[in-house]
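**Student:** The structure follows.
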Amino acid sequence: MDPSCRPDLDTNPLTHGCSLEDLTPEEYLIERLRLLDKHFYRHHKHNGSTRDLQELSDKELIEHFIKRGSLEKRIYNRYILDFLDWEYYIKIHPDLGLKDESDAIHHWLYYGVFQGKSPNNITSRLLEADIHLFQMGKVGSKSLQYSIGLSEPRAMIPHLHFAQEMLITYPGCFYSYPEIIRFSKRRIKFLAGVREPVSRVVSGWLEASTSPYSSMSTSHLLQLLESNTKCCQAILKDSCHILEWFKHQFYSDIDIYSQPFDQEKGYSIINGPRHSVLVYRMDKLSGLWGIISNYIGIDLHPASINMSQDKGELEARVLERFARFKLTQDVLHAILESRYYNHFFGGDDKDIFLRRYA
């Protein structure tokens, strides 16, 4: 949220000496004050013709907002209002008895935004989605998304690698990804893949080097692979994001490490207080389509997303150079002693890892 949308604590009458004895504290008052855009509230033509609050001091303005804002159905934050499709809001909330645009705006700004109400269609679809592809990149999520899309073309399947992507991937949705999970009334089934950290990092570099939105160019990647020291430093830095990826606990208190992972089968299902996660190893994905189908209740068929010829040639060059390297002891220790690696990999996997990289 833009800082201008939040009240200045120095002028907040809840912490300073405004006379508010006559007020009955209203529900969501504190939440509204956090979102109050004082500049907008002061200068907007609330009655359609005049700006009647321009002469008020900050203290008087906030006192007016607390005492009169809701009663007079005043808009206090244009950014929040921009998400509202008022006709849709009235239609999907018939129990609220809203009659017109003014009613819809008032309810959304003063109540709905804090209750997890949906202001538009895309927000509704995300709140109603019960299958989420929320996982790190380069673990087969595009293949899963493609296969689900073939079987259920109308289904909304949120696909994110980190919560901040919500702003770009679903710009019409008002809520953040953690809020979508919190406000959802569905039991969400998450799909999350894991992968051996070094191959995951290198695969991510390859993807980034061919993206117009990345700072890592193909030439930069190939130059990085000229130096064993620089390459190891970069791997150590980037592998930390992989090793700690599950710390968000899917924003619903699902501790992925609270239950054993079946390394032989390559998957496990972890049930949380409200939602569940099927975690799979990418190298085992080809044999898990039936398991995943049963878990999400959709008949899936194996699918893969083919890379372009140019990308295939680049991958061959990168892997050929990378094969000459040996990881330094600090990198080996950081990965092999991590909770992530020991939970999802072990035994023969560790021997293969050491033969390849040590």
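Just remember, in the structure tokens the first chain shown is A, the second B, etc., residues are 1-based per chain, and ligands are 1-based in the order shown.
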Using backbone DSSP assignments, extract all helix (DSSP H, G or I) residues from range 53-261 of chain A; output them as a count of residues only.
**Tutor:** 117
**Student:** Excluding Gly266 in chain A and its own-chain neighbours fewer than 5 positions away, which residues fall within 12 Å of it when counting only C-alpha atoms? Please give them as a ChimeraX atom specification.
**Tutor:** /A:193-195,260-261,278-289,291-292,343-346
**Student:** Restrict the selected residues to C-alpha atoms and save them as a CSV table (one decimal), in the first residue's frame.
**Tutor:**
chain,number,residue,atom,x,y,z
A,193,GLY,CA,7.6,-29.6,-6.1
A,194,VAL,CA,11.2,-30.0,-4.9
A,195,ARG,CA,14.4,-30.5,-6.7
A,260,PRO,CA,8.3,-37.8,7.0
A,261,PHE,CA,8.8,-37.5,3.3
A,278,LEU,CA,1.2,-32.7,-1.9
A,279,VAL,CA,4.9,-32.4,-2.1
A,280,TYR,CA,6.7,-34.2,-5.0
A,281,ARG,CA,10.2,-34.6,-6.2
A,282,MET,CA,10.6,-33.4,-9.7
A,283,ASP,CA,12.8,-36.4,-10.7
A,284,LYS,CA,9.9,-38.7,-9.7
A,285,LEU,CA,7.1,-36.6,-11.4
A,286,SER,CA,6.7,-38.9,-14.4
A,287,GLY,CA,5.5,-41.7,-12.2
A,288,LEU,CA,3.1,-39.6,-10.1
A,289,TRP,CA,0.5,-38.4,-12.5
A,291,ILE,CA,-1.3,-40.0,-7.5
A,292,ILE,CA,-1.7,-36.3,-8.3
A,343,HIS,CA,14.2,-34.2,4.3
A,344,PHE,CA,13.7,-34.8,0.6
A,345,PHE,CA,17.0,-36.5,-0.4
A,346,GLY,CA,19.4,-38.9,1.1
**Student:** Hey, can you check how far CA of Glu264 in chain A sits from CA of Tyr357 in chain A?
**Tutor:**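 The value is 22.4 Å.
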**Student:** List every residue of range 16-211 of chain A that DSSP, applied to the backbone of this structure, assigns to strand (DSSP E or B), and report them as a PyMOL selection string.
**Tutor:** chain A and resi 131-134+159-160+189-194
**Student:** For a test of reading the model, state the distance in Å between CA of Glu179 in chain A and CA of Leu109 in chain A, rounded to one decimal.
**Tutor:**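 Value for the CA of Glu179 in chain A-CA of Leu109 in chain A distance: 16.7 Å.
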**Student:** For a test of reading the model, state the distance in Å between CA of Glu55 in chain A and CA of Val113 in chain A, rounded to one decimal.
**Tutor:**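 Interatomic distance here is 29.1 Å.
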**Student:** Within 9 Å of Asp253 in chain A, counting only C-alpha atoms, which residues qualify if same-chain residues fewer than 6 places away don't, as a list in words?
**Tutor:**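 Residues meeting the cut-off are Gly272, Pro273 and Arg274 of chain A.
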**Student:** Would you pick out the contacts of Val277 in chain A at 6 Å or less, using only C-alpha atoms, so that residues sharing its chain but fewer than 5 positions from it are not included, and give the list as a list of chain:residue names?
**Tutor:** A:Lys189, A:Phe190, A:Leu191, A:Ile269, A:Ile270
**Student:** Set the distance at 7 Å and use only C-alpha atoms: which residues neighbour Glu128 in chain A once local chain neighbours fewer than 2 positions away are removed? I'd like the list as a list in words.
**Tutor:**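 Contacts, with the query itself left out: Ser124, Arg125, Leu126, Asp130, Ser184 and Arg186 of chain A.
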**Student:** Keeping only N, CA and C atoms, write those residues as a CSV table (one decimal), in the first residue's frame.
**Tutor:**
chain,number,residue,atom,x,y,z
A,124,SER,N,-13.0,-13.1,-6.9
A,124,SER,CA,-13.9,-14.2,-6.5
A,124,SER,C,-13.4,-15.5,-7.0
A,125,ARG,N,-12.9,-15.6,-8.2
A,125,ARG,CA,-12.3,-16.8,-8.7
A,125,ARG,C,-11.1,-17.3,-7.9
A,126,LEU,N,-10.3,-16.4,-7.5
A,126,LEU,CA,-9.1,-16.8,-6.7
A,126,LEU,C,-9.5,-17.2,-5.3
A,130,ASP,N,-9.7,-24.1,-5.3
A,130,ASP,CA,-9.3,-25.1,-4.3
A,130,ASP,C,-8.1,-25.9,-4.7
A,184,SER,N,-10.2,-17.5,2.0
A,184,SER,CA,-10.8,-18.6,1.3
A,184,SER,C,-11.6,-19.5,2.2
A,186,ARG,N,-12.6,-22.4,1.1
A,186,ARG,CA,-12.4,-23.7,0.6
A,186,ARG,C,-11.3,-24.4,1.3
**Student:** Which residues are near Gln164 in chain A? Cut-off 10 Å, only C-alpha atoms, ignore same chain within fewer than 5 positions. Put them as a list in words.
**Tutor:** Thr169, Ser176, Tyr177 and Pro178 of chain A
**Student:** Keeping N, CA and C atoms, export the residues of the selection given above as a PDB file, in the first residue's frame.
**Tutor:**
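Full text of selection.pdb as output:
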ATOM      1  N   THR A 169       0.819 -11.191 -11.739  1.00  0.00           N
ATOM      2  CA  THR A 169       0.071 -12.277 -12.382  1.00  0.00           C
ATOM      3  C   THR A 169      -1.435 -12.044 -12.338  1.00  0.00           C
ATOM      4  N   SER A 176      -3.857  -9.671  -1.274  1.00  0.00           N
ATOM      5  CA  SER A 176      -2.548 -10.318  -1.430  1.00  0.00           C
ATOM      6  C   SER A 176      -2.742 -11.834  -1.414  1.00  0.00           C
ATOM      7  N   TYR A 177      -1.697 -12.572  -1.791  1.00  0.00           N
ATOM      8  CA  TYR A 177      -1.834 -14.031  -1.796  1.00  0.00           C
ATOM      9  C   TYR A 177      -2.080 -14.594  -0.394  1.00  0.00           C
ATOM     10  N   PRO A 178      -1.352 -14.155   0.636  1.00  0.00           N
ATOM     11  CA  PRO A 178      -1.682 -14.640   1.980  1.00  0.00           C
ATOM     12  C   PRO A 178      -3.127 -14.331   2.384  1.00  0.00           C
TER      13      PRO A 178
END
